[in-house]
file input.txt (compact mmCIF, C-alpha atoms)
# COMPACT_ATOMS: atom_id res chain seq x y z
CA THR A 1 0.00 0.00 0.00
CA LYS A 2 1.37 3.40 -1.00
CA VAL A 3 1.46 6.05 1.72
CA SER A 4 0.74 9.69 0.89
CA SER A 5 0.50 11.29 4.34
CA LEU A 6 1.80 10.89 7.90
CA VAL A 7 -1.15 12.66 9.55
CA GLY A 8 -1.91 9.85 12.03
CA VAL A 9 1.70 9.41 13.11
CA LYS A 10 1.41 12.20 15.68
CA TYR A 11 -0.57 9.87 17.96
CA LEU A 12 2.35 7.43 18.18
CA LYS A 13 4.17 9.26 20.94
CA ASN A 14 6.88 6.61 21.47
CA LEU A 15 7.74 6.17 17.79
CA ARG A 16 11.49 6.26 17.27
CA ASN A 17 12.12 5.19 13.68
CA ILE A 18 10.11 5.71 10.48
CA TYR A 19 10.85 3.66 7.36
CA LEU A 20 8.69 4.15 4.26
CA TYR A 21 8.86 2.98 0.67
CA GLN A 22 6.89 4.21 -2.36
CA TYR A 23 5.84 7.39 -0.61
CA SER A 24 3.59 9.53 -2.82
CA GLY A 25 3.20 12.59 -0.60
CA THR A 26 5.06 15.87 -0.96
CA LYS A 27 5.41 16.47 2.79
CA ALA A 28 6.34 14.30 5.75
CA ASP A 29 5.56 16.06 9.02
CA VAL A 30 6.55 14.37 12.28
CA SER A 31 7.11 17.61 14.20
CA GLU A 32 4.85 16.41 17.03
CA ASN A 33 6.81 13.19 17.49
CA GLU A 34 9.66 14.25 19.72
CA SER A 35 10.90 10.67 20.10
CA VAL A 36 11.57 10.12 16.39
CA ASN A 37 15.30 9.65 15.91
CA CYS A 38 15.36 8.46 12.28
CA ILE A 39 13.15 9.12 9.26
CA ASP A 40 13.96 7.09 6.15
CA ILE A 41 11.79 7.51 3.04
CA ARG A 42 12.81 5.64 -0.11
CA GLY A 43 11.17 5.26 -3.50
CA ILE A 44 9.51 8.68 -3.37
CA THR A 45 7.27 8.84 -6.43
CA GLY A 46 6.93 12.62 -6.77
CA THR A 47 9.30 15.39 -7.80
CA SER A 48 9.47 17.18 -4.45
CA ILE A 49 9.61 16.33 -0.77
CA GLN A 50 9.64 18.43 2.39
CA ILE A 51 10.62 16.77 5.65
CA ASN A 52 9.62 18.35 8.96
CA ALA A 53 11.40 16.22 11.55
CA PRO A 54 12.95 18.66 14.03
CA ASP A 55 14.09 15.93 16.46
CA ALA A 56 15.41 13.31 13.99
CA GLU A 57 19.17 12.90 13.87
CA ASP A 58 19.19 10.65 10.79
CA VAL A 59 17.29 11.82 7.71
CA TYR A 60 17.24 9.82 4.47
CA VAL A 61 15.28 10.58 1.29
CA GLU A 62 15.47 8.83 -2.07
CA GLY A 63 13.50 9.09 -5.29
CA SER A 64 14.52 8.81 -8.92
CA ALA A 65 12.28 11.72 -9.99
CA LEU A 66 13.16 14.09 -7.15
CA GLN A 67 13.86 17.68 -8.16
CA LYS A 68 13.28 19.61 -4.93
CA VAL A 69 14.30 18.46 -1.45
CA ASP A 70 13.62 20.58 1.62
CA LEU A 71 15.20 19.48 4.88
CA SER A 72 15.36 22.97 6.38
CA LYS A 73 13.17 22.01 9.35
CA CYS A 74 15.33 19.02 10.33
CA LYS A 75 17.30 21.06 12.83
CA ALA A 76 18.64 18.12 14.88
CA ALA A 77 19.94 16.19 11.84
CA THR A 78 23.50 14.96 12.13
CA ASP A 79 23.44 12.55 9.19
CA VAL A 80 21.65 13.49 5.93
CA TYR A 81 21.27 11.22 2.91
CA VAL A 82 19.74 12.59 -0.32
CA TRP A 83 19.66 10.29 -3.33
CA SER A 84 18.25 10.54 -6.86
CA ASP A 85 19.21 8.14 -9.63
CA GLY A 86 17.76 10.56 -12.17
CA ARG A 87 20.27 13.35 -11.40
CA ASN A 88 17.36 15.78 -11.22
CA ILE A 89 17.81 17.51 -7.86
CA SER A 90 18.11 21.21 -8.68
CA THR A 91 16.88 22.62 -5.36
CA LEU A 92 18.29 21.38 -2.06
CA LYS A 93 17.59 22.99 1.30
CA LEU A 94 19.69 21.55 4.08
CA PRO A 95 18.89 22.00 7.80
CA SER A 96 18.47 25.68 8.71
CA TYR A 97 20.15 25.00 12.06
CA LYS A 98 23.73 24.50 10.93
CA LYS A 99 25.64 23.31 13.99
CA ASN A 100 24.50 19.68 14.20
CA LEU A 101 25.17 18.32 10.72
CA ARG A 102 28.14 15.94 10.68
CA GLU A 103 27.72 13.82 7.55
CA ILE A 104 26.05 14.32 4.19
CA THR A 105 25.66 11.89 1.31
CA LEU A 106 24.39 13.41 -1.93
CA LYS A 107 23.67 11.63 -5.21
CA GLY A 108 22.10 13.16 -8.31
CA TYR A 109 22.52 16.86 -7.52
CA ASN A 110 21.94 18.83 -10.71
CA ALA A 111 23.05 22.37 -9.89
CA ALA A 112 26.12 24.37 -10.87
CA THR A 113 27.48 24.87 -7.36
CA LEU A 114 27.42 23.08 -4.03
CA ASN A 115 28.31 25.33 -1.11
CA LEU A 116 28.55 23.65 2.30
CA ASN A 117 30.57 26.35 4.04
CA SER A 118 27.78 27.20 6.50
CA TYR A 119 28.10 23.74 8.07
CA LYS A 120 31.35 24.12 9.94
CA ASN A 121 30.93 20.92 11.95
CA LEU A 122 30.70 18.69 8.90
CA GLN A 123 33.10 15.77 9.17
CA GLU A 124 32.28 13.66 6.12
CA VAL A 125 30.92 14.52 2.66
CA ILE A 126 30.09 12.02 -0.08
CA CYS A 127 29.00 13.35 -3.49
CA THR A 128 28.32 11.07 -6.45
CA TYR A 129 26.69 11.29 -9.88
CA SER A 130 26.23 15.05 -9.58
CA SER A 131 26.58 17.92 -12.06
CA PHE A 132 28.12 20.73 -9.97
CA SER A 133 31.27 22.36 -11.30
CA LYS A 134 32.16 24.16 -8.08
CA LEU A 135 32.35 22.62 -4.62
CA SER A 136 32.94 24.96 -1.68
CA MET A 137 33.92 23.52 1.70
CA ASN A 138 36.97 25.55 2.68
CA LYS A 139 35.21 26.85 5.81
CA CYS A 140 34.22 23.38 7.01
CA ILE A 141 37.05 23.39 9.52
CA ASN A 142 36.18 19.98 10.99
CA LEU A 143 35.99 18.10 7.68
CA LYS A 144 37.86 14.80 7.82
CA PHE A 145 36.67 12.73 4.87
CA LEU A 146 35.63 13.64 1.32
CA THR A 147 34.48 11.30 -1.45
CA ILE A 148 33.66 12.53 -4.97
CA GLY A 149 32.59 10.01 -7.58
CA TRP A 150 31.24 10.19 -11.12
CA CYS A 151 31.02 14.00 -10.99
CA ASP A 152 32.29 15.01 -14.42
CA ASN A 153 31.98 18.81 -14.28
CA VAL A 154 34.19 19.53 -11.28
CA SER A 155 37.87 20.00 -12.16
CA ASN A 156 39.44 21.07 -8.85
CA VAL A 157 38.67 21.18 -5.14
CA ASP A 158 40.26 23.56 -2.67
CA LEU A 159 40.67 22.10 0.81
CA SER A 160 43.83 24.03 1.61
CA ALA A 161 42.15 25.58 4.66
CA ASN A 162 40.83 22.24 5.94
CA LYS A 163 43.58 21.31 8.38
CA LYS A 164 41.78 18.25 9.78
CA ILE A 165 41.17 16.50 6.45
CA LYS A 166 42.35 12.88 6.72
CA ALA A 167 41.34 11.22 3.46
CA VAL A 168 40.09 12.22 0.00
CA SER A 169 38.68 9.70 -2.45
CA VAL A 170 38.14 10.56 -6.13
CA LYS A 171 36.30 7.95 -8.16
CA ARG A 172 35.91 8.13 -11.93
CA CYS A 173 35.47 11.87 -12.35
CA ALA A 174 36.21 12.91 -15.95
CA ASN A 175 38.04 16.16 -15.07
CA LEU A 176 39.15 15.60 -11.50
CA THR A 177 42.06 13.61 -10.15
CA THR A 178 43.57 13.49 -6.69
CA SER A 179 46.40 15.76 -7.89
CA LYS A 180 43.81 18.55 -8.42
CA VAL A 181 42.64 18.47 -4.80
CA ALA A 182 44.54 20.92 -2.59
CA VAL A 183 44.54 19.93 1.08
CA GLY A 184 45.63 21.68 4.26
CA ASN A 185 46.91 18.54 5.96
CA PRO A 186 50.16 17.12 4.55
CA SER A 187 49.32 13.73 6.07
CA CYS A 188 46.03 13.46 4.16
CA GLU A 189 45.68 10.18 2.26
CA PHE A 190 44.32 10.01 -1.28
CA TYR A 191 42.33 7.19 -2.81
CA THR A 192 41.14 6.53 -6.31
CA GLN A 193 38.50 4.06 -7.51
CA ASP A 194 38.42 0.41 -6.57
CA VAL A 195 40.21 -1.62 -9.23
CA GLY A 196 38.23 -4.79 -8.75
CA TYR A 197 37.13 -7.69 -6.66
CA SER A 198 38.37 -11.22 -6.44
CA TYR A 199 37.11 -14.29 -4.63
CA ALA A 200 39.58 -16.48 -2.79
CA LYS A 201 38.84 -19.88 -1.27
CA SER A 202 42.11 -20.25 0.60
CA TYR A 203 45.21 -18.39 1.71
CA GLU A 204 47.08 -19.74 -1.33
CA GLU A 205 44.60 -18.16 -3.73
CA TYR A 206 44.64 -14.97 -1.71
CA ASN A 207 48.43 -14.82 -1.84
CA LYS A 208 48.32 -15.41 -5.59
CA GLU A 209 46.18 -12.32 -6.02
CA VAL A 210 48.71 -10.30 -4.06
CA SER A 211 51.54 -11.66 -6.22
CA ASN A 212 49.71 -10.71 -9.39
CA TYR A 213 49.68 -7.06 -8.33
CA ARG A 214 53.22 -7.18 -6.99
CA SER A 215 54.41 -8.14 -10.47
CA ARG A 216 52.99 -4.94 -12.01
CA SER A 217 55.66 -2.25 -12.16
CA ALA A 218 53.16 0.64 -12.09
CA ILE A 219 51.58 -0.43 -8.81
CA ASN A 220 53.38 -1.13 -5.56
CA ILE A 221 51.99 -3.04 -2.62
CA ASN A 222 51.49 -0.86 0.43
CA ALA A 223 51.90 -3.05 3.52
CA HIS A 224 48.71 -1.92 5.14
CA PHE A 225 45.33 -3.57 5.28
CA THR A 226 42.06 -1.93 6.14
CA ASP A 227 40.53 -5.04 7.63
CA ALA A 228 43.57 -7.24 8.12
CA GLU A 229 47.03 -6.63 9.48
CA ILE A 230 50.53 -7.70 8.53
CA ASN A 231 52.63 -8.32 11.61
CA SER A 232 56.36 -7.71 11.94
CA LYS A 233 57.14 -11.18 10.55
CA GLY A 234 55.15 -10.54 7.41
CA LYS A 235 52.30 -12.81 8.43
CA ILE A 236 48.67 -11.87 8.01
CA LYS A 237 46.49 -11.46 11.06
CA LEU A 238 42.83 -11.58 10.13
CA THR A 239 40.81 -9.00 12.02
CA TRP A 240 37.66 -8.96 9.87
CA SER A 241 36.41 -11.45 7.33
CA VAL A 242 37.17 -9.36 4.25
CA PRO A 243 40.66 -7.88 3.77
CA PHE A 244 41.34 -4.88 1.54
CA LEU A 245 44.68 -4.43 -0.14
CA GLU A 246 45.77 -0.84 -0.54
CA LEU A 247 47.85 -0.31 -3.66
CA VAL A 248 49.64 2.88 -4.68
CA ASN A 249 49.40 4.21 -8.23
CA LYS A 250 51.85 6.46 -10.07
CA ASP A 251 50.34 9.65 -8.62
CA GLY A 252 50.71 8.36 -5.09
CA ALA A 253 46.97 7.85 -4.66
CA LYS A 254 45.89 4.62 -3.05
CA ILE A 255 43.71 2.10 -4.84
CA ARG A 256 41.69 -0.28 -2.73
CA TYR A 257 41.64 -3.82 -4.00
CA GLN A 258 39.32 -6.21 -2.25
CA VAL A 259 39.86 -9.94 -2.05
CA GLN A 260 36.52 -11.27 -0.97
CA VAL A 261 36.56 -14.71 0.57
CA ALA A 262 33.97 -17.18 -0.66
CA ASP A 263 34.19 -19.33 2.47
CA ASN A 264 35.27 -17.19 5.40
CA ILE A 265 35.46 -20.04 7.91
CA LYS A 266 37.64 -22.18 5.66
CA PHE A 267 39.78 -19.15 4.86
CA LYS A 268 40.34 -18.42 8.54
CA ASN A 269 41.33 -22.04 9.14
CA ASP A 270 43.84 -21.80 6.31
CA LEU A 271 45.28 -18.66 7.87
CA ASP A 272 45.80 -20.26 11.26
CA SER A 273 49.01 -21.94 10.13
CA TYR A 274 50.39 -18.65 8.83
CA ILE A 275 49.68 -16.42 11.83
call {"tool": "encode", "arguments": {"input": "input.txt", "output": "structure tokens"}}
result
Amino acid sequence: TKVSSLVGVKYLKNLRNIYLYQYSGTKADVSENESVNCIDIRGITGTSIQINAPDAEDVYVEGSALQKVDLSKCKAATDVYVWSDGRNISTLKLPSYKKNLREITLKGYNAATLNLNSYKNLQEVICTYSSFSKLSMNKCINLKFLTIGWCDNVSNVDLSANKKIKAVSVKRCANLTTSKVAVGNPSCEFYTQDVGYSYAKSYEEYNKEVSNYRSRSAININAHFTDAEINSKGKIKLTWSVPFLELVNKDGAKIRYQVQVADNIKFKNDLDSYI
């Protein structure tokens, strides 16, 4: 059943989370529900949506036809997710109260500029499949992580004033590379797109994948794993089930290469003799 209104929700005084799919309304008002912590509306069928959730910390909206998104009344939001596969979002109003927002994920933003400088407490920004040519975040003094992917109109990003930036990831942008991102932290790490996935059934197969990359002169193995560790003896210590190799390309940007294990239990047993 498609939902077009949240009028009756105000009587659910203990409601904490709202998850909706195929929402056909243009407004979602939960301003009388002070206990709501998360509002998540996917598959929005219309072209516009206004969310009035002043107490929600997590706000997610998604719709392939979305053109206008108004989150200005979501004053407590710390994590905002706005997604449109149609790349049609031309009007975006973020929370009017600017001190709480910490993370924003934006897909399908179809405007010339994206200015986030009013949100000085932002720590992570993810922008993908968007049309902006100018991205302004130089006043986001607490920014730590930035990901830009499949954004073909942007050609440079200035983060020279962002002293806390830790990592920048640039994925398949036609006119932007990591070398065109100026950062204010000399220790900032750069990543480019994932180069692929492989499935290993044992440590031997896993090691073969590593050797394949080691043999390529353009890419050097960086002895660091996101989800696994190499100890001082060169042995692998499995910390999570899926290890990520970090490779370094010619520009010094890191490429994450994932070796996904088909049988994690068997793989861990194979590793026992190597740890």
call {"tool": "closest_residue", "arguments": {"input": "input.txt", "among": "A:Leu176, A:Leu6, A:Leu66, A:Ile89", "to": "Glu32 of chain A", "atoms": "only C-alpha atoms"}}
result
A:Leu6
call {"tool": "atom_distance", "arguments": {"input": "input.txt", "atom1": "atom CA of Lys99 of chain A", "atom2": "atom CA of Asp40 of chain A"}}
result
21.5 Å
call {"tool": "atom_distance", "arguments": {"input": "input.txt", "atom1": "atom CA of Cys151 of chain A", "atom2": "atom CA of Asp58 of chain A"}}
result
25.0 Å
call {"tool": "closest_residue", "arguments": {"input": "input.txt", "among": "A:Asn138, A:Ser187, A:Ser5, A:Ser130", "to": "Val30 of chain A", "atoms": "only C-alpha atoms"}}
result
A:Ser5
call {"tool": "residues_near_point", "arguments": {"input": "input.txt", "point": "(48.2, 21.4, 3.0)", "cutoff": "9 Å", "atoms": "only C-alpha atoms", "output": "PyMOL selection string"}}
result
chain A and resi 159-163+182-188
call {"tool": "atom_distance", "arguments": {"input": "input.txt", "atom1": "atom CA of Gly108 of chain A", "atom2": "atom CA of Ser131 of chain A"}}
result
7.5 Å
call {"tool": "closest_residue", "arguments": {"input": "input.txt", "among": "A:Thr105, A:Gly25, A:Ser96, A:Glu34", "to": "Lys13 of chain A", "atoms": "all atoms listed in the file"}}
result
A:Glu34
call {"tool": "residues_near_point", "arguments": {"input": "input.txt", "point": "(36.1, 20.8, 6.9)", "cutoff": "9 Å", "atoms": "all atoms listed in the file", "output": "PyMOL selection string"}}
result
chain A and resi 117+119-124+137-145+159+161-165
call {"tool": "write_last_selection", "arguments": {"input": "input.txt", "atoms": "C-alpha atoms", "output": "compact mmCIF listing (two decimals), in the frame of the given file"}}
result
# COMPACT_ATOMS: atom_id res chain seq x y z
CA ASN A 117 30.57 26.35 4.04
CA TYR A 119 28.10 23.74 8.07
CA LYS A 120 31.35 24.12 9.94
CA ASN A 121 30.93 20.92 11.95
CA LEU A 122 30.70 18.69 8.90
CA GLN A 123 33.10 15.77 9.17
CA GLU A 124 32.28 13.66 6.12
CA MET A 137 33.92 23.52 1.70
CA ASN A 138 36.97 25.55 2.68
CA LYS A 139 35.21 26.85 5.81
CA CYS A 140 34.22 23.38 7.01
CA ILE A 141 37.05 23.39 9.52
CA ASN A 142 36.18 19.98 10.99
CA LEU A 143 35.99 18.10 7.68
CA LYS A 144 37.86 14.80 7.82
CA PHE A 145 36.67 12.73 4.87
CA LEU A 159 40.67 22.10 0.81
CA ALA A 161 42.15 25.58 4.66
CA ASN A 162 40.83 22.24 5.94
CA LYS A 163 43.58 21.31 8.38
CA LYS A 164 41.78 18.25 9.78
CA ILE A 165 41.17 16.50 6.45
call {"tool": "residues_around", "arguments": {"input": "input.txt", "residues": "Tyr19 of chain A", "least_positions_apart": "4", "cutoff": "10 Å", "atoms": "only C-alpha atoms", "output": "PyMOL selection string"}}
result
chain A and resi 38-42+60
call {"tool": "residues_around", "arguments": {"input": "input.txt", "residues": "segment 20-22 of chain A", "least_positions_apart": "5", "cutoff": "10 Å", "atoms": "all atoms listed in the file", "output": "MDAnalysis selection string"}}
result
chainID A and resid 1:4 39:46 61:63
call {"tool": "residues_around", "arguments": {"input": "input.txt", "residues": "Asp70 of chain A", "least_positions_apart": "3", "cutoff": "7 Å", "atoms": "all atoms listed in the file", "output": "CSV table (one decimal) with C-alpha atoms, keeping the file's coordinate frame"}}
result
chain,number,residue,atom,x,y,z
A,49,ILE,CA,9.6,16.3,-0.8
A,50,GLN,CA,9.6,18.4,2.4
A,51,ILE,CA,10.6,16.8,5.6
A,92,LEU,CA,18.3,21.4,-2.1
A,93,LYS,CA,17.6,23.0,1.3
A,94,LEU,CA,19.7,21.6,4.1
call {"tool": "closest_residue", "arguments": {"input": "input.txt", "among": "A:Val168, A:Leu116, A:Leu15, A:Ala111", "to": "Asn153 of chain A", "atoms": "only C-alpha atoms"}}
result
A:Ala111
call {"tool": "closest_residue", "arguments": {"input": "input.txt", "among": "A:Leu114, A:Val59, A:Leu146, A:Val36", "to": "Leu101 of chain A", "atoms": "all atoms listed in the file"}}
result
A:Val59
call {"tool": "closest_residue", "arguments": {"input": "input.txt", "among": "A:Asp158, A:Glu57, A:Glu103, A:Asp85", "to": "Tyr129 of chain A", "atoms": "all atoms listed in the file"}}
result
A:Asp85
